[in-house]
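Structure, as structure tokens:
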Amino acid sequence: MNDVRKQLTHLFLETLKAYPVSISEAEVEASLQVPKEEKFGDLSTHLILKIAKETKRPPRALAETFSKELWQAIQASTLASGLEKIAVEGPGFINFYYTRDQITGVLNRIKKERADFGRLVPETKRNILLEFVSANPTGPLTVAHGRQAALGDALAKILQFCGHRVTKEYYNNDEGVQIQTLGKSLDFRVEEKLTGTSNEIPENYYRGDYLAAIAEKLIAEQGADKLRQMPTAERLALCTDYSKDTIFLGIQKDLADFSVTFDHYYSQKELGTSGKVEKTLQELKDKGVVYEGEGAVWLRSTDFGDDKDRVLIKSDKSYTYLTPDIAYHHEKFKRGFDEIIDILGPDHHGYIARLKASQAALGHDPNQVRVLIAQLVTLFEGDKQVRMSTRAGEFVTLRQILDEVGKDAGRFFFVMRKFDAHLDFDLALAKSQTPENPAFYIQYAHARIESIKNAFKEKTGALPSAFSEAVAPPILNKLSSAQEIRLMQLLSGFGEAVLGAANTLEPYRLVPYLMELAAAFHRFYAENRVVTEDDELTAARLVLIDCTQLVLRQGLGLLGVSAPLKM
RNA sequence: GUCCCCGUAGCUCAGUUGGAUAGAGCAACGGUUUUCUAAACCGUUGGCCGCGUGUUCGAAUCACGCCGGGGGCACCA
């Protein structure tokens with residue numbers, strides 16, 4: 001349908017030449033949209049309303065005249081077979097109605113292109129580094145990380161589908177104050193277990209129960225006596241490495257079970273030892289954007305849009321969190337990426353300006369740095385909010401979500417809302433295998449299609465020959481019910497739905513599309529029997545549902561949700 | 001105080017580069033199954049699109065000002 005829009009744009013501009021208006025090709029093309037309501041045709045434009053004023057003519061009358069001229073141009077073009085009619089409706093909208101062949105044409109394209117169907121190649125292919133999760137290895141992943149993981153992985157799939165190159169990266173904060181604290185926290189627990197005492201956990205120590213489990217594991221591996229005799233400093237160092245490594249392995253396991261994979265894990269520690277942090281600092285100094293004051297070293301980030309200058313080196317000579325992160329992002333640019341996307345938690349809101357400013361200070365284009373803030377997740381069990389407090393060391397982990405609601409519903413729920421809006425996650429709903437659960441609703445449509453195909457195979461031994469042809473057969477004109485037409489119209493819109501998600505970096509945009517497609521299928525199913533005595537109609541309908549199944553599977557796949565054959 | 005996000009049906013939310021009568025799902029009520037999965041479908045009820053002013057032929061959408069909710073504003077990470 002995309003080329004219909006292109007051709008129509010061309011004819012529109014040609015016809016418009018006789019009018020005293022100037023309007024760009026892009027504007028015309030953008031105005032040609034699939035109307036919200038089916039009754040307004042397959043494609044619609046409100047452009048006449050826009051230009052009516054310029055031509056000093058009443059919009060409706062102008063639209064009438066113009067559409068007649070346009071129709072003549074269409075009749076003389078290759079579009080003639082694709083368009084049934086055009087009509088002026090409302091205050092001056094021009095609506096285009098496709099012919100049956102044009103509408104069923106989508107099935108041909110799906111059969112031909114299969115997994116490539118809907119891939120709209122963008123004007124510029126970007127080389128994108130997508131950093132997400134990047135949780136400190138100081139505790140298990142929480143629901144907040146789960147949302148970021150689901151978002152990041154889905155976004156990567158969507159961008160890749162649209163032809164961009166995406167590298168998924170996890171920045172591991174494997175050194176620094178919080179790692180030191182983690183080591184001390186584990187050492188404290190080990191001490192407790194070795195001596196059998198139970199003391200108040202010091203302020204600022206990590207206090208989650210997972211540390212007690214790690215302490216037990218360490219003691220079991222090393223032996224209690226050996227740990228008792230170990231010099232204090234040595235044992236602390238052991239605890240630090242052990243806790244960090246154990247937790248990080250746990251994080252990777254959680255992610256793997258959530259079907260979230262990374263191309264690279266980037267170690268902050270290695271960044272530090274590589275000398276790149278110092279080199280970046282020197283670059284900043286050379287550019288004259290660094291100064292000393294109050295015993296610290298500052299970045300003049302206010303020159304680059306930040307609302308205050310930022311400390312790079314504290315008065316105790318250690319770096320702030322920002323400093324290695326500047327070097328890290330500098331590296332991303334040097335590695336050749338032309339777009340850098342970070343998905344961060346809501347507590348990093350104030351961080352965006354200084355990160356962008358730092359990259360601008362290094363001479364990079366700050367607009368190439370996109371920071372997406374994934375807002376908070378509030379867990380509900382039905383109406384009841386599930387309370388959590390990180391300070392007390394209690395939080396709901398991603399592992400719990402995986403165990404309770406499973407991967408598919410978990411991933412679907414995490415991405416079903418725009419990332420910058422708060423997410424209410426109803427555990428009871430996600431767990432439920434009922435129609436209220438949108439994930440199941442869509443998956444069910446997919447499974448239902450499979451069972452129809454199986455029913456046919458059982459009855460006749462194999463799918464009809466017309467079905468297995470690469471290009472759908474001419475009998476598609478048998479598809480004429482309102483539900484069938486609607487289904488095909490929606491299938492045509494798949495590419496645009498994905499592109500919309502890619503352009504806005506919002507995976508959730510696929511959700512309403514898939515809901516609508518699933519609903520259209522269920523409606524079709526209720527009104528039209530697929531396997532009938534009419535062999536041609538049966539074959540045509542089998543092609544239709546097979547194409548629907550493929551698009552459902554593709555769409556769910558882009559969200560990281562599986563498409564079961566049986567439910 | 002300041003910056004960002006949110007405010008649409010009883011609930012959860014779509015719809016926002018301005019367009020046609022503001023849409024779904026859930027909840028409530030009523031109906032549909034001899035036949036491919038009723039985890040489904042159909043129907044009914046339900047709206048000062050937070051409030052106000054402005055811009056416009058046209059505003060849920062844009063601008064400004066309020067009100068309400070959440071979050072960010074470290075020599076923490």
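Residue numbering restarts at 1 in every chain; chains get A, B, ... in the order shown in the structure tokens, and ligands count up from 1 in that same order.
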
**Selection: 6 Å around A:Ala374, only C-alpha atoms (C1' of nucleotides), excl. self and same-chain fewer than 6 positions, as JSON, numbers by chain** = {"A": [345, 419, 420]}

Selection from above, N, CA and C atoms, as a short mmCIF file (atom, residue, chain, number, x, y, z; two decimals), in the first residue's frame, can you write it?
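And here is the file that came out, out_39.cif:
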```
data_model
loop_
_atom_site.label_atom_id
_atom_site.label_comp_id
_atom_site.auth_asym_id
_atom_site.auth_seq_id
_atom_site.Cartn_x
_atom_site.Cartn_y
_atom_site.Cartn_z
N GLY A 345 16.80 4.69 34.75
CA GLY A 345 15.70 4.73 35.69
C GLY A 345 15.30 6.16 36.02
N PHE A 419 7.12 4.38 27.88
CA PHE A 419 8.13 4.22 28.91
C PHE A 419 8.19 5.39 29.88
N ASP A 420 7.76 6.56 29.45
CA ASP A 420 7.88 7.69 30.37
C ASP A 420 6.61 7.91 31.19
#
```

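The environment of B:G19 within 9 Å, counting only C-alpha atoms (C1' of nucleotides) and disregarding residues fewer than 3 places along the same chain, consists of His46, Leu49 and Phe93 of chain A; G58 of chain B.
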
Keeping only N, CA and C atoms (P, O5', C5', C4', C3', O3' and C1' of nucleotides), take the residues you just selected and write them out as a PDB file, in the first residue's frame.
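Okay, again.pdb is ready:
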```pdb
ATOM      1  N   HIS A  46      -6.625  15.519   4.305  1.00  0.00           N
ATOM      2  CA  HIS A  46      -7.320  16.741   4.698  1.00  0.00           C
ATOM      3  C   HIS A  46      -6.639  17.964   4.097  1.00  0.00           C
ATOM      4  N   LEU A  49      -8.497  21.157   2.986  1.00  0.00           N
ATOM      5  CA  LEU A  49      -8.889  22.055   4.071  1.00  0.00           C
ATOM      6  C   LEU A  49      -7.772  23.042   4.394  1.00  0.00           C
ATOM      7  N   PHE A  93     -12.724  16.620   3.164  1.00  0.00           N
ATOM      8  CA  PHE A  93     -11.769  15.508   3.119  1.00  0.00           C
ATOM      9  C   PHE A  93     -11.926  14.797   1.782  1.00  0.00           C
TER      10      PHE A  93
ATOM     11  P     G B  58     -12.360  28.827  14.076  1.00  0.00           P
ATOM     12  O5'   G B  58     -12.189  27.250  14.126  1.00  0.00           O
ATOM     13  C5'   G B  58     -13.361  26.424  14.242  1.00  0.00           C
ATOM     14  C4'   G B  58     -12.977  24.975  14.153  1.00  0.00           C
ATOM     15  C3'   G B  58     -11.985  24.494  15.214  1.00  0.00           C
ATOM     16  O3'   G B  58     -12.659  24.160  16.408  1.00  0.00           O
ATOM     17  C1'   G B  58     -11.318  23.719  13.080  1.00  0.00           C
TER      18        G B  58
END
```

**Prompt:** Which residue gives the smallest distance to A:Leu491 among A:Gly336, A:Gly555, A:Pro438, A:Gly293, with only C-alpha atoms counted?
**Reply:** A:Gly555

**Item:** Residues of chain A within 6 Å of chain B, only C-alpha atoms (C1' of nucleotides) counted, as JSON, numbers by chain
**Value:** {"A": [90, 314, 349, 350, 434, 435, 448, 452, 455, 526]}

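Atom CA of A:Arg553 sits 13.5 Å away from atom CA of A:Lys157.
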
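Excluding A:Ala215 itself and any same-chain residue fewer than 2 positions from it, the protein and nucleic acid residues within 8 Å of it, counting only C-alpha atoms (C1' of nucleotides), are A:Leu186, A:Asp187, A:Arg189, A:Val190, A:Lys193, A:Leu211, A:Ala212, A:Ala213, A:Lys217, A:Leu218, A:Ile219.
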
Hey, can you spit out that residue selection with C-alpha atoms as a compact mmCIF listing (two decimals), in the first residue's frame?
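Just written: again02.txt:
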```txt
# COMPACT_ATOMS: atom_id res chain seq x y z
CA LEU A 186 29.14 -9.60 52.70
CA ASP A 187 32.09 -9.71 55.05
CA ARG A 189 27.38 -11.48 57.06
CA VAL A 190 30.23 -13.96 56.87
CA LYS A 193 27.74 -16.77 60.45
CA LEU A 211 23.65 -11.51 51.03
CA ALA A 212 23.05 -14.06 53.77
CA ALA A 213 22.63 -16.71 51.10
CA LYS A 217 27.66 -20.28 49.83
CA LEU A 218 31.06 -18.71 50.32
CA ILE A 219 31.56 -20.46 53.65
```

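In this model, the gap between atom CA of A:Ile251 and atom CA of A:Pro140 comes to 6.1 Å.
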
**Request:** May I have all residues of stretch 299-542 of chain A that DSSP, computed from the backbone, assigns to strand (DSSP E or B), given as JSON, numbers by chain?
**Result:** {"A": [299, 310, 311, 312, 313, 319, 339, 340, 341, 342, 343, 344, 369, 370, 371, 372, 373, 377, 378, 379, 380, 381, 384, 385, 389, 394, 397, 423, 424, 425, 426]}

Residues from the last selection, N, CA and C atoms, saved as a tab-separated table (two decimals), in the first residue's frame:
```
chain	number	residue	atom	x	y	z
A	299	LEU	N	33.74	20.58	35.73
A	299	LEU	CA	33.46	20.70	34.30
A	299	LEU	C	32.52	21.89	34.12
A	310	ARG	N	29.61	20.80	37.08
A	310	ARG	CA	29.67	19.50	37.75
A	310	ARG	C	31.08	19.15	38.19
A	311	VAL	N	31.16	18.52	39.35
A	311	VAL	CA	32.45	18.09	39.85
A	311	VAL	C	32.91	16.83	39.11
A	312	LEU	N	34.17	16.86	38.66
A	312	LEU	CA	34.75	15.68	38.01
A	312	LEU	C	35.64	14.93	38.98
A	313	ILE	N	36.47	15.71	39.72
A	313	ILE	CA	37.34	15.10	40.72
A	313	ILE	C	37.04	15.74	42.07
A	319	TYR	N	37.16	10.22	41.70
A	319	TYR	CA	36.25	10.67	40.66
A	319	TYR	C	34.80	10.63	41.15
A	339	GLU	N	24.40	7.07	16.85
A	339	GLU	CA	23.31	7.37	17.77
A	339	GLU	C	23.51	6.55	19.03
A	340	ILE	N	23.39	7.24	20.16
A	340	ILE	CA	23.65	6.60	21.44
A	340	ILE	C	22.40	6.71	22.29
A	341	ILE	N	21.83	5.56	22.59
A	341	ILE	CA	20.59	5.58	23.37
A	341	ILE	C	20.86	4.94	24.73
A	342	ASP	N	20.49	5.62	25.79
A	342	ASP	CA	20.60	5.07	27.14
A	342	ASP	C	19.19	4.94	27.70
A	343	ILE	N	18.90	3.79	28.26
A	343	ILE	CA	17.64	3.67	29.00
A	343	ILE	C	18.00	3.69	30.48
A	344	LEU	N	17.49	4.67	31.18
A	344	LEU	CA	17.84	4.84	32.59
A	344	LEU	C	16.58	4.86	33.45
A	369	VAL	N	22.83	11.87	21.46
A	369	VAL	CA	22.66	11.13	22.71
A	369	VAL	C	21.19	11.20	23.11
A	370	ARG	N	20.55	10.05	23.14
A	370	ARG	CA	19.13	10.02	23.52
A	370	ARG	C	19.02	9.28	24.85
A	371	VAL	N	18.47	9.95	25.83
A	371	VAL	CA	18.30	9.29	27.12
A	371	VAL	C	16.81	9.05	27.36
A	372	LEU	N	16.45	7.80	27.48
A	372	LEU	CA	15.05	7.44	27.73
A	372	LEU	C	14.91	7.11	29.21
A	373	ILE	N	14.01	7.79	29.85
A	373	ILE	CA	13.78	7.53	31.27
A	373	ILE	C	12.58	6.59	31.41
A	377	VAL	N	7.61	1.51	38.21
A	377	VAL	CA	6.63	0.44	38.13
A	377	VAL	C	5.98	0.30	39.50
A	378	THR	N	4.68	0.37	39.54
A	378	THR	CA	3.97	0.11	40.78
A	378	THR	C	3.27	-1.23	40.65
A	379	LEU	N	3.57	-2.10	41.59
A	379	LEU	CA	2.99	-3.44	41.52
A	379	LEU	C	1.67	-3.49	42.26
A	380	PHE	N	0.71	-4.16	41.64
A	380	PHE	CA	-0.59	-4.37	42.27
A	380	PHE	C	-0.88	-5.86	42.29
A	381	GLU	N	-1.59	-6.26	43.29
A	381	GLU	CA	-2.13	-7.62	43.33
A	381	GLU	C	-3.63	-7.39	43.33
A	384	LYS	N	-4.89	-4.20	45.36
A	384	LYS	CA	-3.96	-3.91	46.46
A	384	LYS	C	-2.56	-3.62	45.94
A	385	GLN	N	-2.01	-2.48	46.35
A	385	GLN	CA	-0.66	-2.14	45.95
A	385	GLN	C	0.33	-2.98	46.73
A	389	SER	N	10.18	-1.33	49.72
A	389	SER	CA	11.09	-0.30	50.17
A	389	SER	C	12.51	-0.80	49.98
A	394	GLU	N	14.10	-4.68	51.08
A	394	GLU	CA	13.05	-5.52	50.53
A	394	GLU	C	12.62	-4.94	49.20
A	397	THR	N	11.78	-8.67	43.06
A	397	THR	CA	12.82	-8.89	42.07
A	397	THR	C	12.23	-9.34	40.74
A	423	LEU	N	3.97	2.86	35.33
A	423	LEU	CA	3.34	1.60	34.94
A	423	LEU	C	2.71	0.93	36.15
A	424	ASP	N	1.43	0.68	36.05
A	424	ASP	CA	0.77	-0.13	37.07
A	424	ASP	C	0.78	-1.57	36.57
A	425	PHE	N	1.48	-2.40	37.30
A	425	PHE	CA	1.64	-3.80	36.89
A	425	PHE	C	0.79	-4.65	37.83
A	426	ASP	N	-0.28	-5.18	37.28
A	426	ASP	CA	-1.17	-6.00	38.10
A	426	ASP	C	-0.75	-7.47	37.99
```
